[in-house]
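Novice: Once you've had a glance at the structure underneath, I'll fire off some questions.
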Amino acid sequence: MLCMAAIPHNATEAVLASTAMVVTEATFGRNVLAASLPVVVVFHSGSCAASRALVPIIRRIGPAFGGQLVVALVDVDAETMIADQYNVQAVPSLVVFQDGEPKLRLIGFAAEGLVQELFREAAGGCSTHMFWRPTEEAFEDAVLVPLLEDWRWQYTRQAACVLHGGRRSRRGRVDILVHSAEPDRPLTLFENKRLVLGQRDVQAAVSQAEGYAEALQAPSFVVAAPSGMWVYAMHGRFAA
């Protein structure tokens, strides 16, 4: 089982009091599939650092949604049949069940604000089967803005940019532009995506961000998504 171990520096591993219930193969049908409310099932493993960081967040958030949804914990090391049945290949994974069917899926560690956003959507009812993806604004508010403010970086959201190419110029907007005291001196920029599923998605975002960085003469750029961040210098990738 793959452990999605990328977690932020301030993630806690403290054990908190919980209203989340532990479910097993014997109780999964009754407590999850037959539940009248949506159920957020957290597939986790005690051997995975990202799981140990996420479970306390789930336990802390869960009580605020009492009466709207149910939170259930499945230990994949002990309940391999449940994990196999629902194709859980990495932990932590959050799967929202409604009317006995898996509806939404989130793989990997998520910041508290994103977990709250997922819970709100789950409580409102899910109509499709899909990988869950927050809005770009929700992702920025929950993950990127707190990081930038913690680092005391100055930034502008939705910064205007003029792209030159071909026979005419066109206008664009940079999701987050990080700059010095003067906004016209960019240090880096963020191109944010709701969902990145593979290298093709990353490369498409890189091409877009590179155009912005060239137009603004920024020395680097970042492609960011709930699943990770990719950092590039204008003359080659220097971190991941």
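In the structure tokens, chains take letters A, B, ... by order of appearance, with residues numbered from 1 within each chain and ligands from 1 in the order shown.
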Excluding region 139-142 of chain A and its own-chain neighbours fewer than 3 positions away, which residues fall within 10 Å of it when counting only C-alpha atoms? Please give them as an NGL selection string.
Specialist: :A and (110-117 or 133-136 or 145-147 or 157 or 175-176 or 190 or 192-194 or 224-226)
Novice: Can those selected residues be exported to a file as an mmCIF file, in the first residue's frame so that it contains N, CA and C atoms?
Specialist:
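Here's the written file out38.cif:
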```
data_model
loop_
_atom_site.group_PDB
_atom_site.id
_atom_site.type_symbol
_atom_site.label_atom_id
_atom_site.label_comp_id
_atom_site.auth_asym_id
_atom_site.auth_seq_id
_atom_site.Cartn_x
_atom_site.Cartn_y
_atom_site.Cartn_z
ATOM 1 N N ALA A 110 -4.423 16.151 3.233
ATOM 2 C CA ALA A 110 -5.063 17.414 2.868
ATOM 3 C C ALA A 110 -5.054 18.335 4.072
ATOM 4 N N ALA A 111 -4.834 19.624 3.823
ATOM 5 C CA ALA A 111 -4.856 20.610 4.895
ATOM 6 C C ALA A 111 -6.256 20.691 5.498
ATOM 7 N N GLU A 112 -6.330 21.185 6.722
ATOM 8 C CA GLU A 112 -7.598 21.203 7.443
ATOM 9 C C GLU A 112 -8.690 21.947 6.678
ATOM 10 N N GLY A 113 -8.340 23.070 6.065
ATOM 11 C CA GLY A 113 -9.338 23.825 5.319
ATOM 12 C C GLY A 113 -9.914 23.041 4.155
ATOM 13 N N LEU A 114 -9.089 22.227 3.502
ATOM 14 C CA LEU A 114 -9.578 21.409 2.393
ATOM 15 C C LEU A 114 -10.459 20.274 2.894
ATOM 16 N N VAL A 115 -10.097 19.692 4.031
ATOM 17 C CA VAL A 115 -10.940 18.641 4.602
ATOM 18 C C VAL A 115 -12.311 19.208 4.961
ATOM 19 N N GLN A 116 -12.341 20.396 5.528
ATOM 20 C CA GLN A 116 -13.620 21.038 5.838
ATOM 21 C C GLN A 116 -14.443 21.256 4.578
ATOM 22 N N GLU A 117 -13.782 21.668 3.498
ATOM 23 C CA GLU A 117 -14.486 21.890 2.232
ATOM 24 C C GLU A 117 -15.082 20.581 1.712
ATOM 25 N N ARG A 133 -12.168 17.500 -6.137
ATOM 26 C CA ARG A 133 -11.235 18.590 -6.372
ATOM 27 C C ARG A 133 -11.860 19.886 -5.875
ATOM 28 N N PRO A 134 -11.193 20.575 -4.966
ATOM 29 C CA PRO A 134 -11.721 21.842 -4.465
ATOM 30 C C PRO A 134 -11.599 22.918 -5.532
ATOM 31 N N THR A 135 -12.296 24.013 -5.348
ATOM 32 C CA THR A 135 -12.092 25.150 -6.239
ATOM 33 C C THR A 135 -10.678 25.679 -6.022
ATOM 34 N N GLU A 136 -10.148 26.359 -7.022
ATOM 35 C CA GLU A 136 -8.808 26.929 -6.874
ATOM 36 C C GLU A 136 -8.766 27.920 -5.716
ATOM 37 N N VAL A 145 -2.145 30.455 0.827
ATOM 38 C CA VAL A 145 -2.113 31.742 1.528
ATOM 39 C C VAL A 145 -1.537 31.600 2.939
ATOM 40 N N PRO A 146 -1.945 30.594 3.739
ATOM 41 C CA PRO A 146 -1.302 30.433 5.053
ATOM 42 C C PRO A 146 0.207 30.224 4.963
ATOM 43 N N LEU A 147 0.663 29.470 3.947
ATOM 44 C CA LEU A 147 2.104 29.268 3.785
ATOM 45 C C LEU A 147 2.813 30.583 3.470
ATOM 46 N N ARG A 157 -2.954 38.294 -5.566
ATOM 47 C CA ARG A 157 -3.766 37.242 -6.184
ATOM 48 C C ARG A 157 -4.426 37.786 -7.446
ATOM 49 N N ASP A 175 -2.411 33.350 -10.931
ATOM 50 C CA ASP A 175 -3.158 32.998 -9.721
ATOM 51 C C ASP A 175 -2.580 33.695 -8.488
ATOM 52 N N ILE A 176 -1.277 33.547 -8.271
ATOM 53 C CA ILE A 176 -0.607 34.239 -7.161
ATOM 54 C C ILE A 176 0.757 34.704 -7.655
ATOM 55 N N PHE A 190 2.661 31.456 -8.821
ATOM 56 C CA PHE A 190 1.989 30.180 -8.642
ATOM 57 C C PHE A 190 0.905 30.010 -9.701
ATOM 58 N N ASN A 192 -2.089 27.526 -10.137
ATOM 59 C CA ASN A 192 -2.777 26.573 -9.276
ATOM 60 C C ASN A 192 -3.824 25.779 -10.051
ATOM 61 N N LYS A 193 -3.900 24.488 -9.755
ATOM 62 C CA LYS A 193 -4.829 23.596 -10.426
ATOM 63 C C LYS A 193 -5.662 22.840 -9.394
ATOM 64 N N ARG A 194 -6.925 22.622 -9.740
ATOM 65 C CA ARG A 194 -7.817 21.892 -8.837
ATOM 66 C C ARG A 194 -7.433 20.425 -8.735
ATOM 67 N N ALA A 224 1.016 24.319 -8.480
ATOM 68 C CA ALA A 224 0.523 23.827 -7.194
ATOM 69 C C ALA A 224 -0.853 23.202 -7.357
ATOM 70 N N ALA A 225 -1.069 22.106 -6.652
ATOM 71 C CA ALA A 225 -2.354 21.411 -6.635
ATOM 72 C C ALA A 225 -2.492 20.734 -5.280
ATOM 73 N N PRO A 226 -3.693 20.318 -4.901
ATOM 74 C CA PRO A 226 -3.840 19.613 -3.625
ATOM 75 C C PRO A 226 -2.941 18.392 -3.499
#
```
Novice: Return as a list in words the full set of residues in region 17-89 of chain A whose backbone-based DSSP assignment is strand (DSSP E).
Specialist: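 Selecting the strand (DSSP E) positions of region 17-89 of chain A gives Met21, Val22, Val39, Val40, Val41, Val42, Phe43, His44, Val70, Val71, Ala72, Leu73, Val74 and Asp75 of chain A.
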Novice: Rounded to one decimal place, report the CA of Ala218 (chain A)-CA of Gly172 (chain A) distance in Å.
Specialist: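 Value for the CA of Ala218 (chain A)-CA of Gly172 (chain A) distance: 15.2 Å.
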Novice: In region 18-238 of chain A, what's helix (DSSP H, G or I) per DSSP? Answer as a PyMOL selection string?
Specialist: chain A and resi 25-33+49-65+80-85+112-123+136-150+199-216
Novice: Report, in Å to a single decimal, how far apart CA of Ala20 (chain A) and CA of Val41 (chain A) are.
Specialist: 9.5 Å
Novice: When you look at Gly100 (chain A) with a cut-off of 9 Å (counting only C-alpha atoms), what residues show up, excluding the ones that are within fewer than 5 positions of it in the same chain? I need them as number ranges by chain.
Specialist: A: 29, 32-35, 38
Novice: Select, from A:Ser220, A:Gln89, A:Ser180, A:Ser227, the residue with the minimum atom-to-atom distance to Arg152 (chain A), counting only C-alpha atoms.
Specialist: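 Looking only at the distances to Arg152 (chain A), the closest residue turns out to be A:Ser180.
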Novice: Any idea what's packed within 10 Å of region 65-67 of chain A, counting only C-alpha atoms, ignoring anything in its chain fewer than 3 positions away? Could you give it as a ChimeraX atom specification?
Specialist: /A:19,37-38,61-62,70-71,116,119-120,123
Novice: State, in Å with one decimal place, the distance from CA of Leu69 (chain A) to CA of Val40 (chain A).
Specialist: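 Distance reported for this atom pair: 7.3 Å.
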Novice: Give me the residues near Glu25 (chain A) as a ChimeraX atom specification, where near means some atom within 9 Å (using only C-alpha atoms) and where sequence neighbours in that chain fewer than 6 positions away do not count.
Specialist: /A:79-82
Novice: Pick from A:Leu163, A:Leu148, A:Val22, A:Ala205: nearest to Ala78 (chain A), with only C-alpha atoms counted?
Specialist: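 Nearest to Ala78 (chain A): A:Val22.
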Novice: Nearest residue to Arg30 (chain A) out of A:Asp84, A:Glu182, A:Asp99, A:Asp77, using only C-alpha atoms?
Specialist: A:Asp99
Novice: Give me, as number ranges by chain, all polymer residues having an atom no more than 12 Å from Val206 (chain A), counting only C-alpha atoms and skipping those fewer than 6 positions away in the same chain.
Specialist: A: 189-193, 196, 199-200, 212-214, 220-224, 229-234, 236-237
Novice: Pick the closest to Glu101 (chain A) from A:Thr128, A:Ser207, A:Gln154, A:Gln217: which is it, counting only C-alpha atoms?
Specialist: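 That would be A:Thr128, the residue with the smallest distance to Glu101 (chain A).
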